[in-house]
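**Q** If you scroll down you'll find the structure; I have some questions about it.
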Amino acid sequence: LDGDRSGSIDYVEFVEQLHKMKAQDNHTMLVFIKAYLQEVRLNVSDQMHLMQECVQKDLKELLLATRSLDMQIGTTSDCARDAIRPLQVGIEGATGLQNSFEKGGPYCVCEVVGKPLTKVQTSVSTDSESPCWNFQNSIGEFALGDKLMFSVWNQNFEQGDTLLGKAFLTSDQLVQGKGSFDGELMLDAHETEALVRVKVEGPDVGDSDKSEDIIGMAGDLRRLPQQVA
């Protein structure tokens, strides 16, 4: 570094020699480049570590939120499943039965398909063609996806009761009616157009859309960790 051989090194000589070493000496230049690269590598490693910690923290928060929504979905699904129970069932009467049996009389049975313990039955009417039962009862085992079956029979103690026709009321029809139905249902397996008049009432099931919103939110949250990864 002592270019003028004076025995001492001043500031100007130090700077000139240092610049010459960096610009002309390949070995020294490589040493400086290596030092720069190590510094850059350390900085990048520190930044990556910080980013990793932030991502892990966000993922934990997302997982906790997803679990919370899963619990809400379970609760909401239970509420949706029970939204239209119990039901108040009214069987007013029937028309056009064309009952040709001389003995007995027509009666109607209502039950949830697949749940025989929910069966309720009207009295036997003396009017064989247009019976009027004005029957009221409750059914507490009806859930979304179920359907009510109304079967009209003719009572005959000697030869056994004869089925005159069946009609069905689905949970979708109750949802469309905000939890109720008041009208006529056509009886199948009948020679003429026979109808049974019923009135079914239950709680409003309009809140079932909330469960779909929550399920959609949970699905979005489940996809976020995959997108981040």
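Going by the structure tokens order, chains are called A, B, ..., each with residues numbered from 1, while ligands are numbered from 1 in the order shown.
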Could you produce a table of the residues of range 126-153 of chain A lying within 8 Å of range 109-114 of chain A, with the nearest pair of atoms per residue and their separation in Å rounded to one decimal, using only C-alpha atoms, ordered by chain and increasing residue number, as a tab-separated table?
**A**
residue	atom	partner	partner_atom	distance
A:Glu141	CA	A:Val112	CA	7.5
A:Phe142	CA	A:Val112	CA	6.7
A:Asp146	CA	A:Val112	CA	6.8
A:Lys147	CA	A:Val112	CA	5.8
A:Leu148	CA	A:Val112	CA	4.6
A:Met149	CA	A:Glu111	CA	5.5
A:Phe150	CA	A:Cys110	CA	4.6
A:Ser151	CA	A:Val109	CA	5.2
A:Val152	CA	A:Val109	CA	6.4
A:Trp153	CA	A:Val109	CA	7.9
**Q** In Å, rounded to a single decimal, give me how far CA of Glu184 in chain A is from CA of Asp127 in chain A.
**A**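 Computing the Euclidean distance for CA of Asp127 in chain A and CA of Glu184 in chain A yields 18.4 Å.
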**Q** Report the distance between CA of Cys132 in chain A and CA of Cys108 in chain A in Å, rounded to one decimal place.
**A**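 Between these atoms lies a distance of 10.4 Å.
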**Q** One decimal, in Å: what's the spacing between CA of Ile139 in chain A and CA of Asp188 in chain A?
**A**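 These two atoms are separated by 23.2 Å.
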**Q** Which is closest to Tyr107 in chain A among A:Val89, A:Thr95, A:Trp133, A:Lys178, if we use only C-alpha atoms?
**A**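 Selected residue with least distance to Tyr107 in chain A: A:Trp133.
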**Q** For range 104-106 of chain A, find every residue with an atom within 9 Å (counting only C-alpha atoms), except residues of its own chain fewer than 2 positions away, and show them as a PyMOL selection string.
**A** chain A and resi 97+99+101-102+108+123-129+131+152-157+161+164
**Q** Please extract the residues of range 114-157 of chain A with a backbone DSSP assignment of strand (DSSP E) and present them as a compact mmCIF listing (two decimals) with N, CA and C atoms, in the first residue's frame.
**A**
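Saved result, states.txt, follows:
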# COMPACT_ATOMS: atom_id res chain seq x y z
N LYS A 115 -91.17 -44.48 7.94
CA LYS A 115 -91.26 -44.29 9.39
C LYS A 115 -92.66 -44.70 9.86
N PRO A 116 -92.89 -45.99 9.99
CA PRO A 116 -94.25 -46.48 10.31
C PRO A 116 -94.79 -45.98 11.65
N LEU A 117 -93.91 -45.61 12.57
CA LEU A 117 -94.39 -45.15 13.88
C LEU A 117 -95.05 -43.77 13.80
N THR A 118 -94.94 -43.10 12.66
CA THR A 118 -95.56 -41.78 12.51
C THR A 118 -97.00 -41.87 12.01
N LYS A 119 -97.51 -43.07 11.83
CA LYS A 119 -98.83 -43.26 11.22
C LYS A 119 -99.95 -42.68 12.08
N VAL A 120 -100.83 -41.91 11.42
CA VAL A 120 -102.06 -41.41 12.04
C VAL A 120 -103.22 -41.74 11.10
N GLN A 121 -104.41 -41.86 11.66
CA GLN A 121 -105.54 -42.35 10.87
C GLN A 121 -106.81 -41.60 11.22
N CYS A 132 -115.93 -36.66 4.43
CA CYS A 132 -115.44 -35.46 5.11
C CYS A 132 -114.96 -35.89 6.50
N TRP A 133 -113.63 -35.86 6.69
CA TRP A 133 -113.08 -36.35 7.95
C TRP A 133 -112.77 -35.23 8.95
N ASN A 134 -112.32 -34.08 8.45
CA ASN A 134 -111.91 -32.97 9.32
C ASN A 134 -110.99 -33.45 10.44
N PHE A 135 -109.96 -34.14 10.05
CA PHE A 135 -109.05 -34.79 10.99
C PHE A 135 -107.83 -33.89 11.23
N GLN A 136 -107.40 -33.82 12.49
CA GLN A 136 -106.21 -33.04 12.85
C GLN A 136 -105.31 -33.87 13.75
N ASN A 137 -104.01 -33.84 13.47
CA ASN A 137 -103.04 -34.53 14.32
C ASN A 137 -101.65 -33.98 14.01
N SER A 138 -100.67 -34.37 14.81
CA SER A 138 -99.30 -33.88 14.61
C SER A 138 -98.37 -35.05 14.32
N ILE A 139 -97.33 -34.75 13.53
CA ILE A 139 -96.28 -35.72 13.21
C ILE A 139 -94.94 -35.06 13.53
N LYS A 147 -91.08 -37.58 2.84
CA LYS A 147 -92.34 -37.25 2.19
C LYS A 147 -93.49 -37.93 2.93
N LEU A 148 -94.60 -37.23 2.96
CA LEU A 148 -95.81 -37.75 3.59
C LEU A 148 -96.60 -38.58 2.57
N MET A 149 -97.16 -39.67 3.04
CA MET A 149 -98.02 -40.50 2.20
C MET A 149 -99.42 -40.51 2.78
N PHE A 150 -100.40 -40.15 1.95
CA PHE A 150 -101.81 -40.20 2.32
C PHE A 150 -102.45 -41.36 1.54
N SER A 151 -102.87 -42.37 2.25
CA SER A 151 -103.50 -43.54 1.60
C SER A 151 -104.95 -43.65 2.05
N VAL A 152 -105.83 -43.77 1.07
CA VAL A 152 -107.26 -43.87 1.34
C VAL A 152 -107.69 -45.33 1.19
N TRP A 153 -108.38 -45.82 2.20
CA TRP A 153 -108.79 -47.23 2.25
C TRP A 153 -110.30 -47.33 2.44
N ASN A 154 -110.83 -48.47 2.04
CA ASN A 154 -112.21 -48.82 2.38
C ASN A 154 -112.17 -49.92 3.44
**Q** For Val200 in chain A, which of A:Asn43, A:Gln88, A:Ser130, A:Thr162 is the closest residue, counting only C-alpha atoms?
**A**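 Among the listed residues, A:Gln88 lies closest to Val200 in chain A.
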**Q** If you run DSSP on the backbone here, which positions in range 126-191 of chain A get helix (DSSP H, G or I)? Please write them as an MDAnalysis selection string.
**A** chainID A and resid 171:176
**Q** Produce a file of the selected residues containing N, CA and C atoms, as a compact mmCIF listing (two decimals), in the first residue's frame.
**A**
# COMPACT_ATOMS: atom_id res chain seq x y z
N SER A 171 -91.08 -32.94 0.99
CA SER A 171 -90.53 -31.82 1.75
C SER A 171 -90.25 -30.63 0.85
N ASP A 172 -89.94 -30.87 -0.44
CA ASP A 172 -89.71 -29.76 -1.37
C ASP A 172 -90.98 -28.92 -1.55
N GLN A 173 -92.12 -29.58 -1.57
CA GLN A 173 -93.37 -28.83 -1.67
C GLN A 173 -93.60 -27.98 -0.44
N LEU A 174 -93.21 -28.49 0.73
CA LEU A 174 -93.35 -27.71 1.95
C LEU A 174 -92.37 -26.54 1.96
N VAL A 175 -91.14 -26.76 1.44
CA VAL A 175 -90.16 -25.67 1.37
C VAL A 175 -90.69 -24.56 0.48
N GLN A 176 -91.26 -24.93 -0.67
CA GLN A 176 -91.81 -23.93 -1.58
C GLN A 176 -92.94 -23.15 -0.94
**Q** Using only C-alpha atoms, which of A:Arg41, A:Lys60, A:Lys199, A:Lys166 sits nearest Gly179 in chain A?
**A**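 Among A:Arg41, A:Lys60, A:Lys199, A:Lys166, it is A:Lys199 that comes nearest to Gly179 in chain A.
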